[in-house]
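Next comes data-v7.cif, with mmCIF, C-alpha atoms.
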```cif
data_entry
loop_
_atom_site.group_PDB
_atom_site.id
_atom_site.type_symbol
_atom_site.label_atom_id
_atom_site.label_comp_id
_atom_site.auth_asym_id
_atom_site.auth_seq_id
_atom_site.Cartn_x
_atom_site.Cartn_y
_atom_site.Cartn_z
ATOM 1 C CA MET A 1 83.857 135.190 67.642
ATOM 2 C CA PRO A 2 85.943 132.378 69.194
ATOM 3 C CA ASN A 3 89.641 132.113 68.452
ATOM 4 C CA GLN A 4 89.799 129.160 66.049
ATOM 5 C CA ASN A 5 93.584 129.093 65.671
ATOM 6 C CA ASN A 6 95.533 126.051 66.876
ATOM 7 C CA PRO A 7 96.279 126.611 70.600
ATOM 8 C CA TRP A 8 98.791 123.723 70.774
ATOM 9 C CA GLU A 9 102.542 123.685 70.197
ATOM 10 C CA THR A 10 104.101 120.226 69.862
ATOM 11 C CA LEU A 11 107.335 120.157 71.834
ATOM 12 C CA SER A 12 108.201 116.507 71.157
ATOM 13 C CA SER A 13 106.623 113.327 69.839
ATOM 14 C CA ARG A 14 107.489 109.697 70.578
ATOM 15 C CA ARG A 15 105.973 106.764 68.687
ATOM 16 C CA PHE A 16 105.060 103.867 70.974
ATOM 17 C CA TYR A 17 103.355 101.553 68.512
ATOM 18 C CA GLU A 18 102.831 101.119 64.767
ATOM 19 C CA SER A 19 100.496 98.817 62.875
ATOM 20 C CA ARG A 20 98.977 98.792 59.430
ATOM 21 C CA TYR A 21 95.882 100.462 60.927
ATOM 22 C CA VAL A 22 97.040 102.908 63.589
ATOM 23 C CA ASP A 23 100.067 104.553 65.172
ATOM 24 C CA VAL A 24 100.158 105.468 68.874
ATOM 25 C CA ASP A 25 102.174 108.566 69.758
ATOM 26 C CA GLN A 26 102.959 110.266 73.047
ATOM 27 C CA ASP A 27 103.314 113.991 72.376
ATOM 28 C CA GLU A 28 104.476 116.650 74.784
ATOM 29 C CA VAL A 29 102.459 119.758 74.024
ATOM 30 C CA ARG A 30 102.175 123.302 75.322
ATOM 31 C CA HIS A 31 98.789 125.017 75.332
ATOM 32 C CA ARG A 32 98.629 128.759 74.638
ATOM 33 C CA SER A 33 97.823 129.132 78.353
ATOM 34 C CA GLY A 34 101.403 128.003 79.017
ATOM 35 C CA LYS A 35 100.515 124.595 80.517
ATOM 36 C CA VAL A 36 102.671 121.699 79.278
ATOM 37 C CA HIS A 37 101.407 118.122 79.383
ATOM 38 C CA ALA A 38 101.556 114.740 77.671
ATOM 39 C CA TYR A 39 98.986 113.948 75.005
ATOM 40 C CA THR A 40 98.394 110.386 73.759
ATOM 41 C CA ALA A 41 97.305 110.387 70.123
ATOM 42 C CA LEU A 42 95.971 107.563 67.949
ATOM 43 C CA ARG A 43 96.825 108.430 64.357
ATOM 44 C CA PHE A 44 94.939 106.266 61.892
ATOM 45 C CA ARG A 45 96.282 105.071 58.551
ATOM 46 C CA ILE A 46 92.798 104.026 57.374
ATOM 47 C CA TYR A 47 89.292 105.304 56.791
ATOM 48 C CA GLY A 48 86.433 103.410 58.407
ATOM 49 C CA ILE A 49 83.550 103.834 55.937
ATOM 50 C CA ALA A 50 79.806 103.161 56.216
ATOM 51 C CA VAL A 51 77.413 102.565 53.299
ATOM 52 C CA LEU A 52 73.612 102.831 53.376
ATOM 53 C CA PRO A 53 72.369 100.836 50.365
ATOM 54 C CA ILE A 54 68.852 101.765 49.216
ATOM 55 C CA PHE A 55 67.108 99.181 47.052
ATOM 56 C CA GLU A 56 64.384 99.952 44.496
ATOM 57 C CA ASP A 57 61.621 99.238 47.052
ATOM 58 C CA GLY A 58 63.159 101.660 49.573
ATOM 59 C CA SER A 59 64.573 98.938 51.792
ATOM 60 C CA THR A 60 68.133 98.648 53.027
ATOM 61 C CA CYS A 61 70.234 95.900 54.549
ATOM 62 C CA LEU A 62 71.950 95.630 57.890
ATOM 63 C CA ILE A 63 74.965 93.515 58.689
ATOM 64 C CA GLY A 64 75.021 91.512 61.903
ATOM 65 C CA GLN A 65 78.292 90.362 63.378
ATOM 66 C CA TYR A 66 80.065 89.791 66.655
ATOM 67 C CA ARG A 67 82.589 92.562 67.275
ATOM 68 C CA TYR A 68 85.669 91.401 69.143
ATOM 69 C CA VAL A 69 86.806 94.598 70.897
ATOM 70 C CA PRO A 70 83.444 95.597 72.476
ATOM 71 C CA GLN A 71 82.602 91.886 72.941
ATOM 72 C CA ARG A 72 79.073 92.127 71.571
ATOM 73 C CA TYR A 73 76.913 91.324 68.569
ATOM 74 C CA THR A 74 76.012 94.414 66.546
ATOM 75 C CA TRP A 75 73.739 95.412 63.682
ATOM 76 C CA GLU A 76 75.389 97.918 61.371
ATOM 77 C CA LEU A 77 75.401 99.205 57.852
ATOM 78 C CA PRO A 78 77.898 97.595 55.512
ATOM 79 C CA ARG A 79 81.226 98.813 56.949
ATOM 80 C CA GLY A 80 84.883 98.434 56.277
ATOM 81 C CA SER A 81 88.197 100.168 56.038
ATOM 82 C CA GLY A 82 90.752 101.190 53.491
ATOM 83 C CA PRO A 83 94.040 103.063 53.496
ATOM 84 C CA LYS A 84 93.916 106.866 53.589
ATOM 85 C CA VAL A 85 95.844 106.933 50.311
ATOM 86 C CA THR A 86 92.788 105.347 48.633
ATOM 87 C CA ASP A 87 89.689 107.333 47.673
ATOM 88 C CA PRO A 88 87.044 106.562 50.350
ATOM 89 C CA LEU A 89 84.434 105.993 47.622
ATOM 90 C CA GLU A 90 86.590 103.204 46.185
ATOM 91 C CA THR A 91 86.674 101.571 49.628
ATOM 92 C CA ALA A 92 82.907 102.036 50.015
ATOM 93 C CA ARG A 93 82.210 100.380 46.645
ATOM 94 C CA ARG A 94 84.429 97.410 47.555
ATOM 95 C CA GLU A 95 82.927 96.911 51.017
ATOM 96 C CA LEU A 96 79.329 97.113 49.785
ATOM 97 C CA GLN A 97 79.973 94.471 47.151
ATOM 98 C CA GLU A 98 81.983 92.209 49.485
ATOM 99 C CA GLU A 99 79.414 92.230 52.301
ATOM 100 C CA THR A 100 76.125 92.346 50.368
ATOM 101 C CA GLY A 101 76.891 91.561 46.728
ATOM 102 C CA ALA A 102 75.296 94.873 45.683
ATOM 103 C CA ARG A 103 76.917 97.374 43.344
ATOM 104 C CA GLY A 104 75.723 100.958 43.515
ATOM 105 C CA GLY A 105 75.042 102.901 40.344
ATOM 106 C CA GLN A 106 74.609 106.193 42.217
ATOM 107 C CA TRP A 107 76.570 107.376 45.274
ATOM 108 C CA LEU A 108 76.382 110.346 47.631
ATOM 109 C CA GLU A 109 78.675 111.098 50.561
ATOM 110 C CA VAL A 110 76.391 112.329 53.366
ATOM 111 C CA ALA A 111 78.910 112.828 56.197
ATOM 112 C CA ARG A 112 82.591 112.648 57.059
ATOM 113 C CA LEU A 113 82.697 112.013 60.772
ATOM 114 C CA MET A 114 85.501 112.715 63.222
ATOM 115 C CA VAL A 115 85.148 109.522 65.238
ATOM 116 C CA SER A 116 86.675 110.553 68.580
ATOM 117 C CA PRO A 117 88.555 113.840 68.071
ATOM 118 C CA GLY A 118 89.816 114.061 71.655
ATOM 119 C CA ILE A 119 92.228 111.161 71.121
ATOM 120 C CA THR A 120 92.254 110.210 67.440
ATOM 121 C CA ASP A 121 92.372 111.649 63.930
ATOM 122 C CA GLU A 122 90.165 108.810 62.610
ATOM 123 C CA LEU A 123 87.663 109.854 59.941
ATOM 124 C CA ALA A 124 84.608 107.899 58.836
ATOM 125 C CA PRO A 125 83.254 108.861 55.407
ATOM 126 C CA CYS A 126 79.567 107.862 55.170
ATOM 127 C CA PHE A 127 77.754 107.157 51.906
ATOM 128 C CA VAL A 128 74.319 106.325 50.562
ATOM 129 C CA ALA A 129 74.218 104.121 47.445
ATOM 130 C CA TRP A 130 71.219 103.427 45.200
ATOM 131 C CA ASP A 131 70.399 102.236 41.694
ATOM 132 C CA LEU A 132 71.745 98.905 42.924
ATOM 133 C CA GLU A 133 72.613 95.813 40.930
ATOM 134 C CA GLN A 134 72.626 92.613 42.986
ATOM 135 C CA GLY A 135 75.304 89.959 42.698
ATOM 136 C CA PRO A 136 76.915 87.434 45.043
ATOM 137 C CA ALA A 137 78.542 88.585 48.287
ATOM 138 C CA HIS A 138 82.190 87.769 48.962
ATOM 139 C CA PRO A 139 82.830 88.487 52.652
ATOM 140 C CA ASP A 140 86.277 88.132 54.133
ATOM 141 C CA PRO A 141 86.765 84.571 55.480
ATOM 142 C CA GLN A 142 87.245 86.028 58.989
ATOM 143 C CA GLU A 143 83.845 87.728 58.830
ATOM 144 C CA ASP A 144 80.895 85.703 60.107
ATOM 145 C CA LEU A 145 78.147 87.975 58.781
ATOM 146 C CA SER A 146 74.365 87.913 58.793
ATOM 147 C CA VAL A 147 72.491 90.135 56.344
ATOM 148 C CA ARG A 148 69.024 91.396 57.237
ATOM 149 C CA ARG A 149 66.832 93.398 54.845
ATOM 150 C CA VAL A 150 64.620 96.046 56.508
ATOM 151 C CA SER A 151 62.654 99.080 55.424
ATOM 152 C CA PHE A 152 64.534 102.359 55.661
ATOM 153 C CA GLN A 153 62.092 103.585 58.319
ATOM 154 C CA GLU A 154 62.726 100.429 60.351
ATOM 155 C CA ALA A 155 66.455 101.217 60.215
ATOM 156 C CA VAL A 156 65.692 104.743 61.465
ATOM 157 C CA ALA A 157 63.621 103.296 64.327
ATOM 158 C CA GLU A 158 66.438 100.887 65.230
ATOM 159 C CA CYS A 159 68.860 103.823 65.464
ATOM 160 C CA LEU A 160 66.473 105.598 67.829
ATOM 161 C CA ASN A 161 65.793 102.560 70.036
ATOM 162 C CA GLY A 162 69.469 101.540 70.320
ATOM 163 C CA THR A 163 69.349 98.353 68.254
ATOM 164 C CA ILE A 164 71.803 100.018 65.856
ATOM 165 C CA CYS A 165 74.446 101.724 67.995
ATOM 166 C CA ASP A 166 77.476 101.817 65.676
ATOM 167 C CA ALA A 167 78.143 105.576 65.410
ATOM 168 C CA PRO A 168 78.818 105.837 61.634
ATOM 169 C CA SER A 169 75.755 103.649 60.904
ATOM 170 C CA VAL A 170 73.524 105.812 63.112
ATOM 171 C CA ALA A 171 74.918 109.046 61.689
ATOM 172 C CA THR A 172 74.509 107.885 58.081
ATOM 173 C CA ILE A 173 70.937 106.674 58.528
ATOM 174 C CA LEU A 174 69.838 109.783 60.441
ATOM 175 C CA ALA A 175 71.616 112.109 57.978
ATOM 176 C CA VAL A 176 69.672 110.523 55.113
ATOM 177 C CA GLN A 177 66.428 110.677 57.146
ATOM 178 C CA THR A 178 66.982 114.393 57.807
ATOM 179 C CA ARG A 179 67.678 115.093 54.142
ATOM 180 C CA LEU A 180 64.622 113.025 53.205
ATOM 181 C CA LEU A 181 62.405 115.154 55.451
ATOM 182 C CA GLN A 182 63.929 118.335 53.989
ATOM 183 C CA GLY A 183 63.663 117.083 50.390
ATOM 184 C CA GLY A 184 67.453 117.431 50.091
ATOM 185 C CA LEU A 185 68.261 114.245 48.185
ATOM 186 C CA PRO A 186 68.423 113.479 44.462
ATOM 187 C CA GLU A 187 64.934 112.925 43.074
ATOM 188 C CA ASP A 188 65.462 109.269 42.112
ATOM 189 C CA LEU A 189 66.625 108.507 45.672
ATOM 190 C CA LEU A 190 63.712 110.464 47.180
ATOM 191 C CA ARG A 191 61.304 108.409 45.064
ATOM 192 C CA ARG A 192 62.663 105.189 46.556
ATOM 193 C CA LEU A 193 62.415 106.477 50.125
ATOM 194 C CA ARG A 194 58.935 108.040 50.002
#
```
Is it possible to give me this structure as C-alpha cells?
Amino acid sequence: MPNQNNPWETLSSRRFYESRYVDVDQDEVRHRSGKVHAYTALRFRIYGIAVLPIFEDGSTCLIGQYRYVPQRYTWELPRGSGPKVTDPLETARRELQEETGARGGQWLEVARLMVSPGITDELAPCFVAWDLEQGPAHPDPQEDLSVRRVSFQEAVAECLNGTICDAPSVATILAVQTRLLQGGLPEDLLRRLR
C-alpha cells in the first residue's frame, strides 16, 4: 500500500499576485526525502463548472466561442465560473440559463475534476441537467457565443475526434456516456439518451 500522507512541509510562502480569480504563490517546501525547493502554486478563488444539458429528444447543445488565452475557437458545453464560497450547483444553474436560456428541473453532478493538480488547486464540478424548460438566453456582453444543438452521440464523437477538446466538457460527456452504457443514470435521463 502506498504512503498517502502529505510528503511536503511548507517552509515559507510568498504571494506574488492576487486577482478575483486566482492567487499566485511562491512556496519554499521540503519533501520528506529532505530536498528543499521552490514551488509555484496557482490557488483559485473560483470553480470552473461545466453543464451537459439533455433535452427531451436526447440532444444537447454546444457553445462555440473564441478563447483569448489559447487563441482559438472552441466548442464546449455551457461553462462558467463562480466563487468557491458559492454552491457549484448554483453557479451551474446560472451559467446554463445565461448561455442557453434553459433551466434544468433535474441535476446530477457526474465529476469534480482536479484541473491541473501539479500547479493548481482548481476544481471543475461537472453536471448533467435534464427536464429542461427553455427560455431566452442572457449571455454576458463580453461573450460572443454561438449555440449548436447536436445529438448526444454526436457530442461523444466530437470528444473522440478532437472537435471538443475542453477538458471539463470532454470529461462530462464521456462520464455520462460511460454511465449510459452501464445503466447508471436515473431512469428518466436514460430514457432520453437511449
Atom-to-atom span, atom CA of Gln97 of chain A and atom CA of Pro139 of chain A, Å: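 Distance between the two atoms: 8.6 Å.
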Expansion of the PyMOL selection byres ((chain A and resi 160-167) around 12) into residues, as a PyMOL selection string: chain A and resi 48-50+62-65+67+70+72-79+111-116+123-126+153-159+168-175+177
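If all atoms listed in the file are the atoms counted, then among A:Glu122, A:Glu109, A:Asp144, A:Glu98 the closest residue to Val22 of chain A is A:Glu122.
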Report as AutoDock Vina command-line options the centre and the edge lengths, in Å to one decimal, of the axis-aligned box holding every listed atom of segment 156-172 of chain A, padded by 4 Å on each side.
```
--center_x 71.2 --center_y 103.7 --center_z 64.2 --size_x 23.2 --size_y 18.7 --size_z 20.2
```
Ile46 of chain A surroundings by all atoms listed in the file, 12 Å radius, close-in-sequence under 2 positions cut, as a ChimeraX atom specification: /A:19-23,42-44,48-49,80-88,91,120-125
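Nearest to Asp188 of chain A of all the residues A:Phe55, A:Phe152, A:Phe16, A:Trp8 is A:Phe55, based on all atoms listed in the file.
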Ground truth for the PyMOL selection byres ((chain A and resi 149) around 7), written as a VMD selection string: chain A and resid 59 to 62 147 to 148 150
Coordinates-based distance that separates atom CA of Thr178 of chain A from atom CA of Gly105 of chain A (Å, one decimal):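 Calculated distance between atom CA of Gly105 of chain A and atom CA of Thr178 of chain A is 22.4 Å.
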One-decimal distance in Å that lies between atom CA of Ala137 of chain A and atom CA of Val110 of chain A: 24.4 Å
